[in-house]
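Shown next: coords.txt, given as compact mmCIF, C-alpha atoms and all ligand atoms.
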# COMPACT_ATOMS: atom_id res chain seq x y z
CA MET A 1 128.27 115.63 85.30
CA LEU A 2 129.97 115.56 81.88
CA THR A 3 127.09 113.74 80.23
CA GLY A 4 124.57 116.03 81.87
CA THR A 5 126.43 119.07 80.64
CA PHE A 6 126.60 117.69 77.11
CA CYS A 7 122.87 116.98 77.25
CA LEU A 8 122.28 120.51 78.42
CA LEU A 9 124.30 121.94 75.54
CA ARG A 10 122.38 119.78 73.10
CA LYS A 11 119.10 121.12 74.48
CA THR A 12 120.09 124.79 74.11
CA GLN A 13 121.60 124.24 70.64
CA ILE A 14 118.31 122.76 69.48
CA LEU A 15 116.53 125.81 70.84
CA SER A 16 118.83 128.27 69.09
CA ARG A 17 118.58 126.41 65.76
CA SER A 18 114.82 126.91 65.76
CA ARG A 19 115.17 130.73 65.90
CA PRO A 20 113.48 131.83 62.62
CA ARG A 21 109.72 132.49 62.59
CA ILE A 22 109.36 132.12 66.36
CA ARG A 23 106.01 133.33 67.63
CA TYR A 24 105.89 135.18 70.96
CA SER A 25 104.17 132.25 72.68
CA SER A 26 106.84 129.78 71.53
CA LEU A 27 109.55 132.30 72.42
CA ALA A 28 108.11 132.47 75.93
CA GLY A 29 108.04 128.65 76.05
CA SER A 30 111.68 128.49 74.95
CA MET A 31 112.65 131.04 77.58
CA ASP A 32 110.90 128.95 80.25
CA THR A 33 112.81 125.88 79.11
CA ILE A 34 116.12 127.72 79.24
CA LYS A 35 115.34 129.11 82.68
CA SER A 36 114.38 125.67 84.02
CA THR A 37 117.49 124.13 82.49
CA ILE A 38 119.70 126.69 84.21
CA ALA A 39 117.83 126.33 87.53
CA GLU A 40 118.05 122.56 87.39
CA ASN A 41 121.74 122.35 86.67
CA PHE A 42 123.72 125.38 87.74
CA GLY A 43 124.62 127.14 90.98
CA GLY A 44 124.49 130.70 92.24
CA VAL A 45 121.07 132.35 92.00
CA SER A 46 119.84 129.86 89.37
CA HIS A 47 116.99 128.44 91.49
CA LYS A 48 115.27 131.82 91.39
CA LEU A 49 114.76 131.32 87.64
CA ALA A 50 112.40 128.39 88.19
CA ASP A 51 108.66 128.95 87.91
CA ALA A 52 107.05 130.14 91.16
CA LYS A 53 105.09 126.89 91.55
CA HIS A 54 108.33 124.87 91.48
CA GLN A 55 110.23 126.88 94.05
CA PHE A 56 111.65 125.29 97.19
CA SER A 57 114.56 126.13 99.47
CA LEU A 58 116.14 124.22 102.36
CA GLU A 59 114.87 126.90 104.78
CA GLU A 60 111.33 125.83 103.91
CA THR A 61 111.95 122.23 105.03
CA PRO A 62 109.13 121.32 107.46
CA ASP A 63 109.82 120.32 111.05
CA GLN A 64 110.92 116.66 111.26
CA SER A 65 110.35 116.07 115.01
CA GLY A 66 109.79 112.40 115.81
CA LYS A 67 110.84 111.20 112.35
CA VAL A 68 113.56 108.69 111.50
CA ALA A 69 115.67 108.73 108.32
CA VAL A 70 118.18 106.54 106.51
CA VAL A 71 120.56 108.30 104.12
CA THR A 72 123.03 106.31 102.03
CA GLY A 73 126.11 108.36 101.28
CA GLY A 74 125.03 110.82 103.96
CA SER A 75 128.59 111.50 105.08
CA GLN A 76 129.56 114.05 102.42
CA GLY A 77 128.41 115.94 99.36
CA ILE A 78 124.72 116.02 98.51
CA GLY A 79 123.83 113.30 101.03
CA TYR A 80 125.45 115.28 103.81
CA GLY A 81 123.59 118.43 102.74
CA ALA A 82 120.34 116.48 103.08
CA SER A 83 121.35 114.81 106.37
CA PHE A 84 122.39 118.10 107.96
CA THR A 85 119.14 119.79 106.88
CA LEU A 86 116.97 117.02 108.34
CA LEU A 87 118.90 117.19 111.65
CA GLN A 88 118.60 120.98 111.68
CA LYS A 89 114.84 120.50 111.39
CA ASN A 90 114.75 118.31 114.53
CA LEU A 91 114.87 114.83 113.00
CA ALA A 92 114.72 112.28 115.84
CA LYS A 93 117.18 109.73 114.46
CA LEU A 94 119.45 109.44 111.43
CA PHE A 95 121.19 106.34 110.08
CA VAL A 96 123.99 107.02 107.62
CA LEU A 97 125.40 104.24 105.42
CA SER A 98 128.79 104.93 103.87
CA MET A 99 132.34 103.58 103.67
CA SER A 100 134.92 105.97 105.12
CA GLY A 101 135.11 106.40 108.91
CA GLU A 102 137.31 109.45 108.50
CA THR A 103 134.75 111.19 106.29
CA MET A 104 131.96 110.29 108.70
CA ASP A 105 133.96 111.64 111.66
CA GLY A 106 134.31 114.91 109.76
CA ALA A 107 130.54 115.03 109.20
CA ILE A 108 129.75 114.27 112.86
CA ASN A 109 132.20 116.92 114.05
CA ASP A 110 130.61 119.46 111.71
CA VAL A 111 127.15 118.64 113.12
CA LYS A 112 128.53 118.92 116.68
CA GLU A 113 130.03 122.30 115.92
CA LYS A 114 127.02 123.77 114.10
CA LEU A 115 124.00 122.02 115.66
CA GLY A 116 125.37 120.86 119.03
CA GLU A 117 126.41 117.65 120.80
CA GLU A 118 122.85 116.43 121.42
CA THR A 119 121.97 116.63 117.71
CA ALA A 120 125.16 114.77 116.76
CA LYS A 121 124.10 111.94 119.11
CA LYS A 122 121.09 111.34 116.87
CA ILE A 123 123.41 110.01 114.14
CA THR A 124 124.17 106.31 113.87
CA TRP A 125 126.87 105.50 111.34
CA LEU A 126 126.62 102.07 109.73
CA PRO A 127 129.71 101.32 107.64
CA CYS A 128 128.50 99.42 104.62
CA ASP A 129 129.60 98.85 101.05
CA LEU A 130 126.37 99.17 99.04
CA ALA A 131 127.89 97.01 96.31
CA ASN A 132 128.17 94.12 98.78
CA TRP A 133 124.58 92.88 98.96
CA LYS A 134 125.19 90.50 101.86
CA ALA A 135 126.58 93.39 103.90
CA VAL A 136 123.58 95.52 102.85
CA ALA A 137 121.15 92.87 104.10
CA GLU A 138 123.00 92.64 107.43
CA THR A 139 123.08 96.42 107.76
CA SER A 140 119.36 96.74 107.11
CA GLN A 141 118.77 94.23 109.93
CA LYS A 142 120.82 96.49 112.23
CA ILE A 143 118.55 99.39 111.28
CA ARG A 144 115.42 97.35 111.97
CA ASP A 145 116.87 96.32 115.36
CA GLN A 146 117.28 99.98 116.31
CA THR A 147 114.05 101.58 115.14
CA ASP A 148 110.39 100.72 114.87
CA ARG A 149 109.68 103.52 112.42
CA LEU A 150 111.28 104.83 109.23
CA ASP A 151 109.84 107.94 107.61
CA ILE A 152 112.55 108.88 105.12
CA LEU A 153 114.77 106.69 102.97
CA ILE A 154 117.26 108.54 100.78
CA LEU A 155 119.03 106.25 98.29
CA ASN A 156 121.90 108.55 97.41
CA ALA A 157 125.30 106.83 97.63
CA GLY A 158 126.87 106.27 94.27
CA ARG A 159 129.74 105.60 91.94
CA GLY A 160 130.09 108.51 89.54
CA ILE A 161 131.51 108.79 86.04
CA MET A 162 134.27 106.23 86.43
CA THR A 163 135.71 103.30 84.53
CA TYR A 164 134.00 99.95 84.00
CA GLN A 165 134.62 97.45 86.79
CA LEU A 166 133.03 94.26 88.02
CA THR A 167 132.30 93.53 91.70
CA GLU A 168 134.81 91.09 93.17
CA ASP A 169 132.31 88.80 94.87
CA THR A 170 129.43 88.71 92.38
CA GLY A 171 131.02 89.69 89.05
CA VAL A 172 128.39 92.34 88.25
CA ASP A 173 128.98 95.78 86.69
CA LEU A 174 129.95 97.90 89.70
CA HIS A 175 127.83 100.91 88.70
CA MET A 176 124.68 98.79 88.57
CA ALA A 177 125.64 96.70 91.62
CA LEU A 178 126.14 99.77 93.80
CA ASN A 179 123.95 102.55 92.42
CA HIS A 180 120.95 100.34 91.68
CA MET A 181 121.00 96.81 93.09
CA GLY A 182 122.50 97.64 96.49
CA HIS A 183 119.72 100.17 97.00
CA VAL A 184 117.06 97.69 95.89
CA VAL A 185 118.36 95.14 98.43
CA LEU A 186 118.37 97.80 101.15
CA THR A 187 114.86 99.05 100.38
CA SER A 188 113.46 95.52 100.14
CA HIS A 189 114.84 94.61 103.57
CA LEU A 190 113.44 97.81 105.06
CA LEU A 191 109.95 97.32 103.58
CA PRO A 192 108.39 95.94 106.79
CA VAL A 193 109.34 99.01 108.82
CA LEU A 194 108.47 101.39 105.97
CA LYS A 195 105.05 99.80 105.61
CA SER A 196 104.31 99.73 109.34
CA THR A 197 105.32 103.40 109.64
CA ALA A 198 102.90 104.29 106.84
CA SER A 199 100.11 102.11 108.22
CA ASN A 200 100.36 104.03 111.51
CA GLY A 201 99.21 107.12 109.65
CA ASN A 202 102.61 108.61 108.80
CA LYS A 203 103.76 109.76 105.38
CA VAL A 204 106.80 107.79 104.25
CA ARG A 205 109.01 109.18 101.50
CA ILE A 206 111.63 107.26 99.54
CA SER A 207 113.83 109.25 97.17
CA VAL A 208 116.24 107.77 94.64
CA GLN A 209 119.18 109.95 93.60
CA ALA A 210 119.25 109.80 89.82
CA SER A 211 120.73 112.32 87.40
CA ASN A 212 120.05 113.98 84.07
CA ALA A 213 123.03 111.86 83.00
CA HIS A 214 120.42 109.09 82.64
CA GLN A 215 120.01 110.50 79.12
CA GLY A 216 123.47 109.08 78.37
CA ALA A 217 122.32 105.47 78.79
CA PRO A 218 122.83 103.56 75.52
CA SER A 219 119.75 103.59 73.31
CA ASP A 220 119.92 99.78 72.97
CA THR A 221 119.53 99.26 76.74
CA LYS A 222 117.08 96.41 77.32
CA PHE A 223 118.15 95.10 80.75
CA ALA A 224 117.84 91.69 79.12
CA SER A 225 120.72 89.79 80.70
CA LEU A 226 123.76 89.91 82.94
CA ASP A 227 125.92 89.78 79.82
CA GLU A 228 124.28 92.98 78.63
CA LEU A 229 124.89 94.66 82.02
CA ASN A 230 128.51 93.57 82.03
CA ARG A 231 129.46 95.30 78.77
CA ASP A 232 132.10 98.03 79.01
CA LEU A 233 130.17 101.05 77.76
CA GLY A 234 132.68 103.72 78.74
CA PRO A 235 132.46 105.91 81.87
CA ASN A 236 129.58 108.22 80.85
CA ALA A 237 127.24 105.53 79.56
CA GLN A 238 128.12 103.15 82.40
CA TYR A 239 127.10 105.83 84.90
CA GLY A 240 124.14 107.06 82.84
CA ARG A 241 122.61 103.60 82.63
CA SER A 242 122.77 103.16 86.42
CA LYS A 243 121.00 106.52 86.83
CA LEU A 244 118.34 105.48 84.30
CA ALA A 245 117.82 102.43 86.53
CA GLY A 246 117.27 104.78 89.47
CA ILE A 247 114.37 106.58 87.76
CA LEU A 248 112.86 103.32 86.50
CA TYR A 249 113.10 101.83 90.01
CA ALA A 250 111.38 104.83 91.63
CA ARG A 251 108.57 104.64 89.06
CA TYR A 252 108.33 100.85 89.49
CA LEU A 253 107.81 101.29 93.24
CA ALA A 254 105.33 104.10 92.59
CA ARG A 255 103.36 101.68 90.37
CA HIS A 256 103.54 98.67 92.68
CA LEU A 257 104.19 99.84 96.26
CA THR A 258 102.23 103.09 96.53
CA PRO A 259 98.82 101.74 95.39
CA GLN A 260 98.84 99.13 98.19
CA ASN A 261 100.46 101.56 100.64
CA PRO A 262 99.18 105.05 99.78
CA GLY A 263 101.25 106.51 102.61
CA ILE A 264 104.50 105.55 100.87
CA LEU A 265 105.67 107.95 98.15
CA VAL A 266 108.62 107.11 95.91
CA ASN A 267 110.31 109.63 93.65
CA ALA A 268 113.57 110.07 91.79
CA THR A 269 115.67 113.23 91.83
CA HIS A 270 118.38 115.02 89.88
CA PRO A 271 120.54 117.22 92.13
CA GLY A 272 122.06 119.42 89.42
CA PHE A 273 125.71 119.85 88.53
CA VAL A 274 127.22 119.83 92.03
CA GLU A 275 130.70 120.49 93.43
CA THR A 276 131.45 117.30 95.38
CA LYS A 277 134.20 114.69 95.62
CA MET A 278 132.54 112.88 92.73
CA SER A 279 132.78 115.84 90.35
CA VAL A 280 136.10 117.17 91.69
CA GLU A 281 138.25 114.10 92.42
CA ASP A 282 136.63 110.91 91.12
CA ILE A 283 136.23 112.34 87.62
CA HIS A 284 140.03 112.23 87.22
CA GLU A 285 139.98 108.43 87.44
CA PRO A 286 138.54 107.96 83.91
CA TYR A 287 139.68 111.32 82.55
CA PRO A 288 143.04 112.25 84.15
CA ILE A 289 143.40 115.36 81.99
CA ALA A 290 139.97 116.16 80.51
CA GLY A 291 138.45 115.75 84.00
CA ALA A 292 140.03 119.11 84.85
CA ALA A 293 137.31 120.75 82.76
CA MET A 294 134.77 119.54 85.26
CA SER A 295 136.84 119.74 88.42
CA THR A 296 138.32 123.20 87.85
CA LEU A 297 137.01 125.12 84.83
CA MET A 298 133.34 124.33 85.47
CA SER A 299 133.67 124.93 89.21
CA PRO A 300 132.13 128.45 89.21
CA LEU A 301 129.02 127.12 87.44
CA LYS A 302 128.30 124.27 89.84
CA LYS A 303 125.84 124.16 92.71
CA ASP A 304 127.35 123.75 96.18
CA HIS A 305 126.23 120.71 98.17
CA TRP A 306 123.46 122.71 99.88
CA MET A 307 121.87 123.68 96.58
CA GLY A 308 122.55 120.14 95.38
CA ALA A 309 120.49 118.79 98.28
CA VAL A 310 117.39 120.88 97.52
CA SER A 311 115.51 118.46 95.22
CA THR A 312 116.36 115.53 97.52
CA VAL A 313 115.09 117.31 100.62
CA TYR A 314 111.95 118.34 98.75
CA ALA A 315 111.36 114.73 97.67
CA SER A 316 112.00 113.49 101.22
CA THR A 317 109.93 115.95 103.20
CA VAL A 318 107.39 117.84 101.09
CA VAL A 319 106.29 116.03 97.94
CA GLU A 320 102.77 114.59 97.97
CA GLU A 321 103.00 112.55 94.76
CA SER A 322 104.68 109.30 93.79
CA GLY A 323 106.57 108.44 90.59
CA LEU A 324 107.97 111.88 89.80
CA TYR A 325 111.44 112.74 88.55
CA ILE A 326 112.22 115.95 90.42
CA CYS A 327 114.88 118.41 89.30
CA PRO A 328 116.08 121.43 91.32
CA PRO A 329 114.62 123.24 92.97
CA ALA A 330 111.35 121.26 92.75
CA ILE A 331 110.60 120.88 89.04
CA PRO A 332 108.92 117.64 87.96
CA GLU A 333 110.41 116.50 84.65
CA GLN A 334 109.47 113.61 82.39
CA GLY A 335 113.00 112.30 81.89
CA SER A 336 114.05 110.50 78.73
CA ASP A 337 111.79 108.19 76.72
CA MET A 338 113.52 105.23 78.34
CA ALA A 339 112.98 106.70 81.82
CA ARG A 340 109.22 106.70 81.08
CA ASP A 341 109.18 103.19 79.59
CA GLU A 342 107.20 101.04 82.04
CA GLU A 343 108.05 97.80 80.23
CA LEU A 344 111.73 98.62 80.50
CA GLY A 345 111.24 99.26 84.21
CA GLU A 346 109.53 95.89 84.66
CA GLN A 347 112.35 94.18 82.75
CA LEU A 348 115.00 95.97 84.83
CA MET A 349 113.41 94.72 88.05
CA LYS A 350 112.93 91.19 86.68
CA LEU A 351 116.63 91.06 85.84
CA THR A 352 117.55 92.64 89.19
CA ARG A 353 115.58 89.93 91.01
CA GLU A 354 117.19 87.13 88.95
CA ILE A 355 120.74 88.40 89.43
CA VAL A 356 120.49 89.18 93.14
CA MET A 357 118.72 85.87 93.80
CA GLU A 358 121.30 83.86 91.88
CA LYS A 359 124.32 85.62 93.33
CA THR A 360 123.14 85.54 96.95
CA TYR A 361 121.30 82.22 96.89
CA SER A 362 122.99 80.49 99.84
CA ASP A 363 122.70 83.59 102.04
CA SER A 364 119.15 84.46 101.16
CA LYS A 365 116.80 82.31 99.07
CA GLU A 366 118.07 79.07 100.62
CA LYS A 367 117.38 80.61 104.05
CA GLY A 368 113.83 81.58 103.10
CA CYS A 369 114.22 85.12 101.74
CA PRO A 370 110.97 85.85 99.85
CA PHE A 371 112.61 88.37 97.48
CA GLU A 372 109.81 90.88 97.78
CA PHE A 373 110.49 94.17 96.05
CA TYR A 374 107.24 95.82 97.13
N1 LIG B 401 127.81 115.79 91.97
C1 LIG B 401 127.03 115.87 90.92
O1 LIG B 401 127.17 116.76 90.06
C2 LIG B 401 125.91 114.88 90.73
C3 LIG B 401 125.06 115.05 89.63
C4 LIG B 401 124.02 114.15 89.43
C5 LIG B 401 123.83 113.11 90.34
N2 LIG B 401 124.67 112.97 91.41
C6 LIG B 401 124.41 111.85 92.33
O2 LIG B 401 124.35 112.31 93.68
C7 LIG B 401 124.71 111.26 94.58
C8 LIG B 401 125.69 111.77 95.60
O3 LIG B 401 126.88 112.15 94.93
P1 LIG B 401 127.83 113.33 95.43
O4 LIG B 401 128.08 114.16 94.25
O5 LIG B 401 127.32 113.94 96.68
O6 LIG B 401 129.16 112.50 95.68
P2 LIG B 401 130.16 112.40 96.91
O7 LIG B 401 130.34 113.71 97.59
O8 LIG B 401 131.37 111.73 96.36
O9 LIG B 401 129.41 111.44 97.92
C9 LIG B 401 129.21 110.10 97.64
C10 LIG B 401 128.70 109.41 98.89
O10 LIG B 401 128.43 108.04 98.56
C11 LIG B 401 129.14 107.20 99.46
N3 LIG B 401 129.55 105.98 98.79
C12 LIG B 401 130.28 105.86 97.66
N4 LIG B 401 130.48 104.57 97.36
C13 LIG B 401 129.85 103.85 98.33
C14 LIG B 401 129.69 102.48 98.59
N5 LIG B 401 130.25 101.54 97.80
N6 LIG B 401 128.98 102.09 99.66
C15 LIG B 401 128.43 103.01 100.48
N7 LIG B 401 128.55 104.33 100.30
C16 LIG B 401 129.26 104.75 99.23
C17 LIG B 401 130.34 108.04 99.90
O11 LIG B 401 130.82 107.53 101.14
P3 LIG B 401 132.40 107.27 101.39
O12 LIG B 401 133.08 108.53 101.01
O13 LIG B 401 132.51 106.88 102.78
O14 LIG B 401 132.74 106.17 100.42
C18 LIG B 401 129.73 109.42 100.01
O15 LIG B 401 129.09 109.57 101.23
C19 LIG B 401 125.24 110.14 93.69
O16 LIG B 401 124.23 109.16 93.55
C20 LIG B 401 125.50 110.81 92.36
O17 LIG B 401 125.41 109.91 91.29
C21 LIG B 401 125.70 113.82 91.62

Starting from the file, lay out its structure as structure tokens.
Amino acid sequence: MLTGTFCLLRKTQILSRSRPRIRYSSLAGSMDTIKSTIAENFGGVSHKLADAKHQFSLEETPDQSGKVAVVTGGSQGIGYGASFTLLQKNLAKLFVLSMSGETMDGAINDVKEKLGEETAKKITWLPCDLANWKAVAETSQKIRDQTDRLDILILNAGRGIMTYQLTEDTGVDLHMALNHMGHVVLTSHLLPVLKSTASNGNKVRISVQASNAHQGAPSDTKFASLDELNRDLGPNAQYGRSKLAGILYARYLARHLTPQNPGILVNATHPGFVETKMSVEDIHEPYPIAGAAMSTLMSPLKKDHWMGAVSTVYASTVVEESGLYICPPAIPEQGSDMARDEELGEQLMKLTREIVMEKTYSDSKEKGCPFEFY
């Protein structure tokens, strides 16, 4: 996205400034960094530039027979690329959470056409606004009513680089309410089925769709209060902060959930710079004119939604570790200093618990919800 691209430019400028007196070993290191940066972000043949040990392609996705998956935002873009791939690899059942029935119909028709009627019948669409936490809790109950196992949870739906808004019902920054908190509510309500699936000897993989735009989160981010969350930071930082929350959340679960449940792996991903509705249409909401740079001029450089799904599919079907931040095709990266800050992650989840509990009290806590995040 715009922020990600700016970050990328910054990275290569720093490399070119350090040109004098480069030794061959550091030159090789710089070349590796450039190659990874291109592989992680751009389309075309870029994935081939990644180191051999970090290669992965959708064709290598293992067979998914018998497995059940939930994909938020699985109706189009990157989420659809991941959903389609899992179905192609014989997934037993797929729940998709999204908003638009028309978009979902298009996805189901595409699956019917390319993978057949029987495969399309494996899809259950659950219309749900992830920013509406009450609806998320009800939807997760519907999932639990329809399956006794859940092997893959892909937390992918999101609001992109768009203007600052507050949710109507709870008055919380919409980027955080949707991209982060809605997914926390969903995951928390699905914990019983995730844990029982793992305790029956299955590997369970949760992947959180983050972004290298997390580097655009303001440096004074503390996740200290709702007032702090509800500041208007501008479109890039508003989005970047919610993506930072995604990485911190994945690492929080890796610290707290995986040790008690070694069969549950939780990782964050960056999909790259991908041609989707978010980067083609939604970007014009905050930047009616400048957005054209991303929607049109940058188009030839972007990954398509298949390439954009590669790191997500890797994190959902292949990875054997927990707490990674995986960039395309399958490159583990550290992320920013803030993305590695465990205290910040603890504070984020403390605030998340306080806000969700306060805003949903009569529908949850008052009715006995234990507010367990892991
Ligand atoms: N594209 C990129 O370059 C890029 C880069 C880095 C990270 N990402 C991340 O990748 C993820 C997928 O984005 P994408 O590029 O594939 O975008 P996309 O094609 O616009 O897809 C977004 C998906 O999220 C769903 N969604 C949006 N708001 C929702 C809500 N309130 N409740 C439930 N579902 C909702 C959409 O469903 P409806 O259409 O039905 O609303 C759609 O299925 C996002 O988390 C994004 O931040 C994208």

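Shortest atom-to-atom contact with ligand LIG 401 (chain B) among A:Pro271, A:Pro62, A:Gly81, A:Gly240: A:Pro271, counting only C-alpha atoms and all ligand atoms.
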
Inset, instruction - Using atom O7 of ligand LIG 401 (chain B) and atom CA of A:Ile78 as the two end points, give the distance in Å to one decimal. - result: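 For atom O7 of ligand LIG 401 (chain B) relative to atom CA of A:Ile78, the distance reads 6.1 Å.
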
Inset, instruction - Would you mind reading off the distance between atom CA of A:Lys48 and atom CA of A:Val274, one decimal, in Å? - result: 16.9 Å

Legend entry - d(atom CA of A:Arg144, atom CA of A:Val193) in Å: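 According to the coordinates, atom CA of A:Arg144 and atom CA of A:Val193 are separated by 7.0 Å.
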
Inset, instruction - Taking the point (117.6, 118.6, 100.7) as given in the file, collect each protein or nucleic acid residue that comes within 12 Å of it, counting all atoms listed in the file, and present the set as a PyMOL selection string. - result: chain A and resi 56-62+71+74+77-89+152+154+156+207+209+269-271+304-319+326-330

How close does each residue of chain A get to ligand LIG 401 (chain B), giving the shortest atom pair and distance in Å to one decimal for every residue with an atom at most 8 Å away, counting all atoms listed in the file, sorted by chain and residue number, as a Markdown table?
| residue | atom | partner | partner_atom | distance |
| --- | --- | --- | --- | --- |
| A:Met1 | CA | B:LIG401 | O1 | 5.0 |
| A:Gly4 | CA | B:LIG401 | C4 | 7.8 |
| A:Thr72 | CA | B:LIG401 | N7 | 6.1 |
| A:Gly73 | CA | B:LIG401 | O15 | 3.2 |
| A:Gly74 | CA | B:LIG401 | O15 | 5.0 |
| A:Ser75 | CA | B:LIG401 | O15 | 4.3 |
| A:Gln76 | CA | B:LIG401 | O15 | 4.7 |
| A:Gly77 | CA | B:LIG401 | O7 | 3.4 |
| A:Ile78 | CA | B:LIG401 | O5 | 3.8 |
| A:Gly79 | CA | B:LIG401 | O5 | 5.6 |
| A:Tyr80 | CA | B:LIG401 | O15 | 7.2 |
| A:Leu97 | CA | B:LIG401 | C15 | 5.9 |
| A:Ser98 | CA | B:LIG401 | N7 | 3.6 |
| A:Met99 | CA | B:LIG401 | O13 | 3.4 |
| A:Ser100 | CA | B:LIG401 | O13 | 3.5 |
| A:Gly101 | CA | B:LIG401 | O13 | 6.7 |
| A:Glu102 | CA | B:LIG401 | O13 | 7.9 |
| A:Thr103 | CA | B:LIG401 | O13 | 6.0 |
| A:Met104 | CA | B:LIG401 | O13 | 6.9 |
| A:Pro127 | CA | B:LIG401 | C15 | 7.5 |
| A:Cys128 | CA | B:LIG401 | C15 | 5.5 |
| A:Asp129 | CA | B:LIG401 | N6 | 3.6 |
| A:Leu130 | CA | B:LIG401 | N6 | 4.0 |
| A:Ala131 | CA | B:LIG401 | N5 | 5.3 |
| A:Asn132 | CA | B:LIG401 | N5 | 7.8 |
| A:Leu155 | CA | B:LIG401 | O16 | 7.6 |
| A:Asn156 | CA | B:LIG401 | O16 | 4.5 |
| A:Ala157 | CA | B:LIG401 | O10 | 3.5 |
| A:Gly158 | CA | B:LIG401 | O16 | 4.0 |
| A:Arg159 | CA | B:LIG401 | N4 | 5.6 |
| A:Gly160 | CA | B:LIG401 | O17 | 5.2 |
| A:Leu178 | CA | B:LIG401 | N5 | 6.0 |
| A:Asn179 | CA | B:LIG401 | O16 | 6.7 |
| A:Gln209 | CA | B:LIG401 | O16 | 5.1 |
| A:Ala210 | CA | B:LIG401 | C5 | 5.7 |
| A:Ser211 | CA | B:LIG401 | C4 | 4.3 |
| A:Asn212 | CA | B:LIG401 | C4 | 6.7 |
| A:Ala213 | CA | B:LIG401 | C4 | 6.9 |
| A:Tyr239 | CA | B:LIG401 | O17 | 7.8 |
| A:Lys243 | CA | B:LIG401 | O17 | 7.1 |
| A:His270 | CA | B:LIG401 | C4 | 5.7 |
| A:Pro271 | CA | B:LIG401 | C4 | 5.4 |
| A:Gly272 | CA | B:LIG401 | C3 | 5.3 |
| A:Phe273 | CA | B:LIG401 | O1 | 3.7 |
| A:Val274 | CA | B:LIG401 | O1 | 3.6 |
| A:Glu275 | CA | B:LIG401 | N1 | 5.7 |
| A:Thr276 | CA | B:LIG401 | O7 | 4.4 |
| A:Lys277 | CA | B:LIG401 | O8 | 4.2 |
| A:Met278 | CA | B:LIG401 | O8 | 4.0 |
| A:Ser279 | CA | B:LIG401 | N1 | 5.2 |
| A:Asp282 | CA | B:LIG401 | O8 | 7.5 |
| A:Lys302 | CA | B:LIG401 | O1 | 7.6 |
| A:Lys303 | CA | B:LIG401 | O1 | 8.0 |
| A:His305 | CA | B:LIG401 | O5 | 7.0 |
| A:Gly308 | CA | B:LIG401 | C1 | 7.6 |

Inset, instruction - Using only C-alpha atoms, pick whichever of A:Ser65, A:Ser199, A:Ser336, A:Ser299 has the shortest atom-to-atom distance to A:Ala217. - result: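 Nearest to A:Ala217: A:Ser336.
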
Inset, instruction - Considering all atoms listed in the file, state which residue in the set A:Ala135, A:Leu324, A:Leu49, A:Val172 is at the smallest distance from A:Ser364. - result: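 Nearest to A:Ser364: A:Ala135.
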
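Considering all atoms listed in the file, the residue among A:Arg205, A:Glu354, A:Leu244, A:Ala177 positioned nearest to A:Gly335 is A:Leu244.
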
Legend entry - Point (126.2, 117.9, 110.9) neighbourhood (8 Å, all atoms listed in the file) written as a ChimeraX atom specification: /A:80,83-84,87,107-115,120

Legend entry - Residue among A:His180, A:Lys195, A:Lys203, A:His214 lying closest to A:Gln64, counting only C-alpha atoms: A:Lys203

Inset, instruction - Compare A:Ser188, A:Gln55, A:Gln347, A:Thr163 by their minimum atom-to-atom distance to A:Leu248, counting all atoms listed in the file, and give me the closest one. - result: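 Smallest separation from A:Leu248 among the options: A:Gln347.
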
Legend entry - A:Leu191 environment, 12 Å, only C-alpha atoms, sequence neighbours closer than 6 positions dropped, as a PyMOL selection string: chain A and resi 140-141+143-144+148-153+184-185+197-199+204+206+253+257-258+261+264+371-374

Please produce an output containing C-alpha atoms for each residue in the selection, written as an mmCIF file, keeping the file's coordinate frame.
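Produced file part.cif, reproduced below:
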data_model
loop_
_atom_site.group_PDB
_atom_site.id
_atom_site.type_symbol
_atom_site.label_atom_id
_atom_site.label_comp_id
_atom_site.auth_asym_id
_atom_site.auth_seq_id
_atom_site.Cartn_x
_atom_site.Cartn_y
_atom_site.Cartn_z
ATOM 1 C CA SER A 140 119.360 96.740 107.110
ATOM 2 C CA GLN A 141 118.770 94.230 109.930
ATOM 3 C CA ILE A 143 118.550 99.390 111.280
ATOM 4 C CA ARG A 144 115.420 97.350 111.970
ATOM 5 C CA ASP A 148 110.390 100.720 114.870
ATOM 6 C CA ARG A 149 109.680 103.520 112.420
ATOM 7 C CA LEU A 150 111.280 104.830 109.230
ATOM 8 C CA ASP A 151 109.840 107.940 107.610
ATOM 9 C CA ILE A 152 112.550 108.880 105.120
ATOM 10 C CA LEU A 153 114.770 106.690 102.970
ATOM 11 C CA VAL A 184 117.060 97.690 95.890
ATOM 12 C CA VAL A 185 118.360 95.140 98.430
ATOM 13 C CA THR A 197 105.320 103.400 109.640
ATOM 14 C CA ALA A 198 102.900 104.290 106.840
ATOM 15 C CA SER A 199 100.110 102.110 108.220
ATOM 16 C CA VAL A 204 106.800 107.790 104.250
ATOM 17 C CA ILE A 206 111.630 107.260 99.540
ATOM 18 C CA LEU A 253 107.810 101.290 93.240
ATOM 19 C CA LEU A 257 104.190 99.840 96.260
ATOM 20 C CA THR A 258 102.230 103.090 96.530
ATOM 21 C CA ASN A 261 100.460 101.560 100.640
ATOM 22 C CA ILE A 264 104.500 105.550 100.870
ATOM 23 C CA PHE A 371 112.610 88.370 97.480
ATOM 24 C CA GLU A 372 109.810 90.880 97.780
ATOM 25 C CA PHE A 373 110.490 94.170 96.050
ATOM 26 C CA TYR A 374 107.240 95.820 97.130
#
